[in-house]
file target39.cif (mmCIF, C-alpha atoms)
data_input
#
loop_
_atom_site.label_atom_id
_atom_site.label_comp_id
_atom_site.auth_asym_id
_atom_site.auth_seq_id
_atom_site.Cartn_x
_atom_site.Cartn_y
_atom_site.Cartn_z
CA MET Y 1 -8.37 50.40 -123.54
CA ASN Y 2 -6.64 53.73 -122.98
CA ALA Y 3 -6.13 56.62 -125.38
CA TYR Y 4 -4.26 59.90 -125.17
CA LEU Y 5 -5.98 62.95 -126.67
CA ASP Y 6 -4.34 66.26 -127.36
CA SER Y 7 -6.61 69.31 -127.37
CA SER Y 8 -7.24 69.08 -131.13
CA ALA Y 9 -8.69 65.61 -130.60
CA LEU Y 10 -10.46 66.47 -127.33
CA VAL Y 11 -12.42 69.27 -129.00
CA LYS Y 12 -13.71 66.81 -131.63
CA LEU Y 13 -15.91 65.19 -128.98
CA PRO Y 14 -18.20 68.17 -128.18
CA VAL Y 15 -17.85 70.05 -131.50
CA ARG Y 16 -19.62 68.54 -134.50
CA GLU Y 17 -17.16 68.34 -137.38
CA PRO Y 18 -16.93 65.91 -140.32
CA ASP Y 19 -14.78 63.39 -138.42
CA SER Y 20 -16.31 63.86 -134.95
CA ASP Y 21 -18.48 60.74 -135.18
CA ALA Y 22 -15.49 58.59 -136.13
CA VAL Y 23 -13.45 59.98 -133.23
CA ALA Y 24 -16.31 59.39 -130.76
CA HIS Y 25 -16.83 55.84 -132.07
CA GLU Y 26 -13.13 55.03 -131.84
CA LEU Y 27 -12.90 56.35 -128.28
CA ALA Y 28 -16.12 54.81 -126.94
CA GLY Y 29 -15.27 52.82 -123.84
CA CYS Y 30 -11.70 54.12 -123.68
CA THR Y 31 -10.13 55.70 -120.65
CA LEU Y 32 -9.04 59.09 -121.92
CA PHE Y 33 -5.76 60.68 -120.90
CA THR Y 34 -4.77 64.26 -121.61
CA ARG Y 35 -2.77 67.04 -120.01
CA ARG Y 36 -4.39 69.62 -117.78
CA LEU Y 37 -4.15 72.53 -120.25
CA SER Y 38 -6.10 70.59 -122.90
CA TYR Y 39 -9.32 71.75 -121.27
CA THR Y 40 -8.34 75.40 -121.65
CA GLU Y 41 -7.21 74.86 -125.23
CA ALA Y 42 -10.46 73.07 -126.11
CA ARG Y 43 -12.54 75.87 -124.56
CA SER Y 44 -10.44 78.38 -126.51
CA ALA Y 45 -11.14 76.49 -129.75
CA ILE Y 46 -14.88 76.57 -129.04
CA ALA Y 47 -14.75 80.29 -128.25
CA ARG Y 48 -12.88 80.94 -131.50
CA ARG Y 49 -15.54 79.07 -133.46
CA GLU Y 50 -18.21 81.12 -131.72
CA ARG Y 51 -16.48 84.38 -132.70
CA GLU Y 52 -16.15 83.16 -136.30
CA VAL Y 53 -19.71 81.80 -136.63
CA PRO Y 54 -21.82 83.64 -134.02
CA GLU Y 55 -25.11 82.61 -135.63
CA ARG Y 56 -24.47 79.08 -134.29
CA SER Y 57 -24.14 80.28 -130.67
CA GLY Y 58 -26.51 77.57 -129.42
CA GLU Y 59 -24.24 74.91 -130.86
CA TRP Y 60 -21.19 76.45 -129.19
CA SER Y 61 -22.99 76.67 -125.82
CA ALA Y 62 -23.92 73.00 -126.14
CA ALA Y 63 -20.29 72.15 -127.00
CA ARG Y 64 -19.04 73.93 -123.86
CA ARG Y 65 -21.60 72.07 -121.72
CA GLN Y 66 -20.57 68.75 -123.28
CA LEU Y 67 -16.87 69.43 -122.74
CA ASP Y 68 -17.60 70.37 -119.12
CA ALA Y 69 -19.56 67.13 -118.68
CA ASP Y 70 -16.85 64.97 -120.31
CA TRP Y 71 -13.84 66.59 -118.64
CA PRO Y 72 -14.15 64.94 -115.18
CA ALA Y 73 -13.87 61.49 -116.80
CA CYS Y 74 -10.47 62.31 -118.32
CA LEU Y 75 -7.35 61.23 -116.49
CA VAL Y 76 -5.33 64.41 -116.37
CA ILE Y 77 -1.55 64.59 -116.48
CA ASP Y 78 -0.13 67.58 -114.68
CA VAL Y 79 2.74 69.51 -116.16
CA LYS Y 80 5.75 69.21 -113.88
CA ARG Y 81 9.46 69.78 -114.33
CA PRO Y 82 10.46 66.37 -115.82
CA LEU Y 83 7.63 66.58 -118.34
CA VAL Y 84 8.57 70.14 -119.33
CA GLU Y 85 12.22 69.17 -119.73
CA ARG Y 86 11.29 66.18 -121.91
CA ALA Y 87 9.01 68.44 -123.96
CA ALA Y 88 11.89 70.86 -124.50
CA GLU Y 89 13.90 67.97 -125.93
CA PHE Y 90 11.03 67.25 -128.33
CA CYS Y 91 11.04 70.89 -129.45
CA ASP Y 92 14.68 70.43 -130.42
CA SER Y 93 14.37 66.91 -131.85
CA PHE Y 94 11.14 67.22 -133.79
CA GLY Y 95 10.74 70.96 -134.37
CA LEU Y 96 7.51 71.01 -132.37
CA ARG Y 97 5.82 74.04 -130.86
CA ALA Y 98 5.86 74.19 -127.08
CA TYR Y 99 2.30 73.05 -126.32
CA GLY Y 100 2.48 70.24 -128.86
CA ALA Y 101 5.75 69.06 -127.36
CA VAL Y 102 4.17 69.06 -123.88
CA GLN Y 103 1.25 66.98 -125.24
CA LEU Y 104 3.68 64.47 -126.71
CA ALA Y 105 5.76 64.27 -123.53
CA ALA Y 106 2.60 63.71 -121.48
CA ALA Y 107 1.47 60.95 -123.83
CA GLN Y 108 4.86 59.27 -123.64
CA LEU Y 109 4.79 59.53 -119.84
CA ALA Y 110 1.32 57.93 -119.66
CA HIS Y 111 2.35 55.20 -122.08
CA ALA Y 112 5.46 54.39 -120.03
CA ALA Y 113 3.56 54.39 -116.73
CA LEU Y 114 0.87 52.02 -118.00
CA GLN Y 115 3.31 49.81 -119.94
CA GLU Y 116 0.66 48.96 -122.48
CA PRO Y 117 -0.26 50.24 -125.92
CA MET Y 118 -1.98 53.61 -125.83
CA PRO Y 119 -3.19 55.26 -129.02
CA PHE Y 120 -2.14 58.87 -129.43
CA ARG Y 121 -4.89 60.99 -130.97
CA SER Y 122 -4.04 64.35 -132.52
CA HIS Y 123 -5.06 66.28 -135.62
CA ASP Y 124 -1.59 67.81 -135.99
CA ARG Y 125 0.56 66.17 -138.66
CA ARG Y 126 3.92 67.13 -137.16
CA LEU Y 127 2.88 65.90 -133.74
CA ASN Y 128 1.63 62.60 -135.18
CA ARG Y 129 4.89 62.06 -137.07
CA ALA Y 130 6.88 62.61 -133.87
CA ALA Y 131 4.56 60.29 -131.92
CA ARG Y 132 5.08 57.57 -134.51
CA LEU Y 133 8.86 57.97 -134.28
CA LEU Y 134 8.58 57.56 -130.50
CA GLY Y 135 6.69 54.30 -130.96
CA LEU Y 136 3.27 55.57 -129.87
CA LEU Y 137 0.27 54.03 -131.60
CA LEU Y 138 -1.66 56.19 -134.01
CA PRO Y 139 -5.24 55.49 -135.02
CA GLU Y 140 -5.87 54.24 -138.53
CA GLY Y 141 -6.07 57.17 -140.92
CA ALA Y 142 -4.14 59.57 -138.64
CA LEU Y 143 -2.87 62.69 -140.37
CA LEU Y 144 0.77 62.23 -141.31
#
call {"tool": "encode", "arguments": {"input": "target39.cif", "output": "structure tokens"}}
result
Amino acid sequence: MNAYLDSSALVKLPVREPDSDAVAHELAGCTLFTRRLSYTEARSAIARREREVPERSGEWSAARRQLDADWPACLVIDVKRPLVERAAEFCDSFGLRAYGAVQLAAAQLAHAALQEPMPFRSHDRRLNRAARLLGLLLPEGALL
């Protein structure tokens, strides 16, 4: 099975949060798709947590190492002109922020290329609502 992760879902894998175990269990054995900038966004999220809670620096170092170890297994979608133009349409249609719209356009592109169901995993309500309207699968219990 395949799954598309935006950066908010990708960071759940190396960072221990209340729903991290459920995300990891759901994605076990899946081929993970994401866009290239998700890595940078996930590293940024880890760095922000480290600035906010520096006394857990060992945990944040471990999260960076885990993300670095997991990243090569992800199938990465590069951001090119057609994807950016589709994302711009999603900004207009769904009121999305730019990076969220690019995530959604990349997920839709992967879904269309594979021509099979592909769950879309995000922890952004607006993005999930737009994904549902586009016919992308959302995991059970997705934020709406």
call {"tool": "residues_around", "arguments": {"input": "target39.cif", "residues": "Leu67 in chain Y", "least_positions_apart": "6", "cutoff": "12 Å", "atoms": "all atoms listed in the file", "output": "list in words"}}
result
Ser7, Ala9, Leu10, Val11, Lys12, Leu13, Pro14, Val15, Ser38, Tyr39, Thr40, Glu41, Ala42, Arg43, Ser44, Ala45, Ile46, Trp60, Ser61, Ala73 and Cys74 of chain Y
call {"tool": "write_last_selection", "arguments": {"input": "target39.cif", "atoms": "C-alpha atoms", "output": "JSON list (two decimals), in the coordinates of the input"}}
result
[["chain", "number", "residue", "atom", "x", "y", "z"],
["Y", 7, "SER", "CA", -6.61, 69.31, -127.37],
["Y", 9, "ALA", "CA", -8.69, 65.61, -130.60],
["Y", 10, "LEU", "CA", -10.46, 66.47, -127.33],
["Y", 11, "VAL", "CA", -12.42, 69.27, -129.00],
["Y", 12, "LYS", "CA", -13.71, 66.81, -131.63],
["Y", 13, "LEU", "CA", -15.91, 65.19, -128.98],
["Y", 14, "PRO", "CA", -18.20, 68.17, -128.18],
["Y", 15, "VAL", "CA", -17.85, 70.05, -131.50],
["Y", 38, "SER", "CA", -6.10, 70.59, -122.90],
["Y", 39, "TYR", "CA", -9.32, 71.75, -121.27],
["Y", 40, "THR", "CA", -8.34, 75.40, -121.65],
["Y", 41, "GLU", "CA", -7.21, 74.86, -125.23],
["Y", 42, "ALA", "CA", -10.46, 73.07, -126.11],
["Y", 43, "ARG", "CA", -12.54, 75.87, -124.56],
["Y", 44, "SER", "CA", -10.44, 78.38, -126.51],
["Y", 45, "ALA", "CA", -11.14, 76.49, -129.75],
["Y", 46, "ILE", "CA", -14.88, 76.57, -129.04],
["Y", 60, "TRP", "CA", -21.19, 76.45, -129.19],
["Y", 61, "SER", "CA", -22.99, 76.67, -125.82],
["Y", 73, "ALA", "CA", -13.87, 61.49, -116.80],
["Y", 74, "CYS", "CA", -10.47, 62.31, -118.32]]
call {"tool": "resolve_selection", "arguments": {"input": "target39.cif", "expression": "the PyMOL selection byres ((chain Y and resi 114) around 12)", "output": "list in words"}}
result
Met1, Asn2, Ala3, Tyr4, Thr31, Phe33, Ala107, Gln108, Leu109, Ala110, His111, Ala112, Ala113, Gln115, Glu116, Pro117 and Met118 of chain Y
call {"tool": "write_last_selection", "arguments": {"input": "target39.cif", "atoms": "C-alpha atoms", "output": "mmCIF file, keeping the file's coordinate frame"}}
result
data_model
loop_
_atom_site.group_PDB
_atom_site.id
_atom_site.type_symbol
_atom_site.label_atom_id
_atom_site.label_comp_id
_atom_site.auth_asym_id
_atom_site.auth_seq_id
_atom_site.Cartn_x
_atom_site.Cartn_y
_atom_site.Cartn_z
ATOM 1 C CA MET Y 1 -8.370 50.400 -123.540
ATOM 2 C CA ASN Y 2 -6.640 53.730 -122.980
ATOM 3 C CA ALA Y 3 -6.130 56.620 -125.380
ATOM 4 C CA TYR Y 4 -4.260 59.900 -125.170
ATOM 5 C CA THR Y 31 -10.130 55.700 -120.650
ATOM 6 C CA PHE Y 33 -5.760 60.680 -120.900
ATOM 7 C CA ALA Y 107 1.470 60.950 -123.830
ATOM 8 C CA GLN Y 108 4.860 59.270 -123.640
ATOM 9 C CA LEU Y 109 4.790 59.530 -119.840
ATOM 10 C CA ALA Y 110 1.320 57.930 -119.660
ATOM 11 C CA HIS Y 111 2.350 55.200 -122.080
ATOM 12 C CA ALA Y 112 5.460 54.390 -120.030
ATOM 13 C CA ALA Y 113 3.560 54.390 -116.730
ATOM 14 C CA GLN Y 115 3.310 49.810 -119.940
ATOM 15 C CA GLU Y 116 0.660 48.960 -122.480
ATOM 16 C CA PRO Y 117 -0.260 50.240 -125.920
ATOM 17 C CA MET Y 118 -1.980 53.610 -125.830
#
call {"tool": "resolve_selection", "arguments": {"input": "target39.cif", "expression": "the PyMOL selection byres ((chain Y and resi 78) around 12)", "output": "NGL selection string"}}
result
:Y and (33-38 or 75-77 or 79-84 or 102-103 or 105-107 or 109-110)
call {"tool": "atom_distance", "arguments": {"input": "target39.cif", "atom1": "CA of Val23 in chain Y", "atom2": "CA of Leu136 in chain Y"}}
result
17.6 Å
call {"tool": "atom_distance", "arguments": {"input": "target39.cif", "atom1": "CA of Leu32 in chain Y", "atom2": "CA of Arg97 in chain Y"}}
result
22.9 Å
call {"tool": "atom_distance", "arguments": {"input": "target39.cif", "atom1": "CA of Cys91 in chain Y", "atom2": "CA of Arg49 in chain Y"}}
result
28.1 Å
call {"tool": "closest_residue", "arguments": {"input": "target39.cif", "among": "Y:Ala22, Y:Ala142, Y:Ala28, Y:Leu133", "to": "Ser93 in chain Y", "atoms": "all atoms listed in the file"}}
result
Y:Leu133
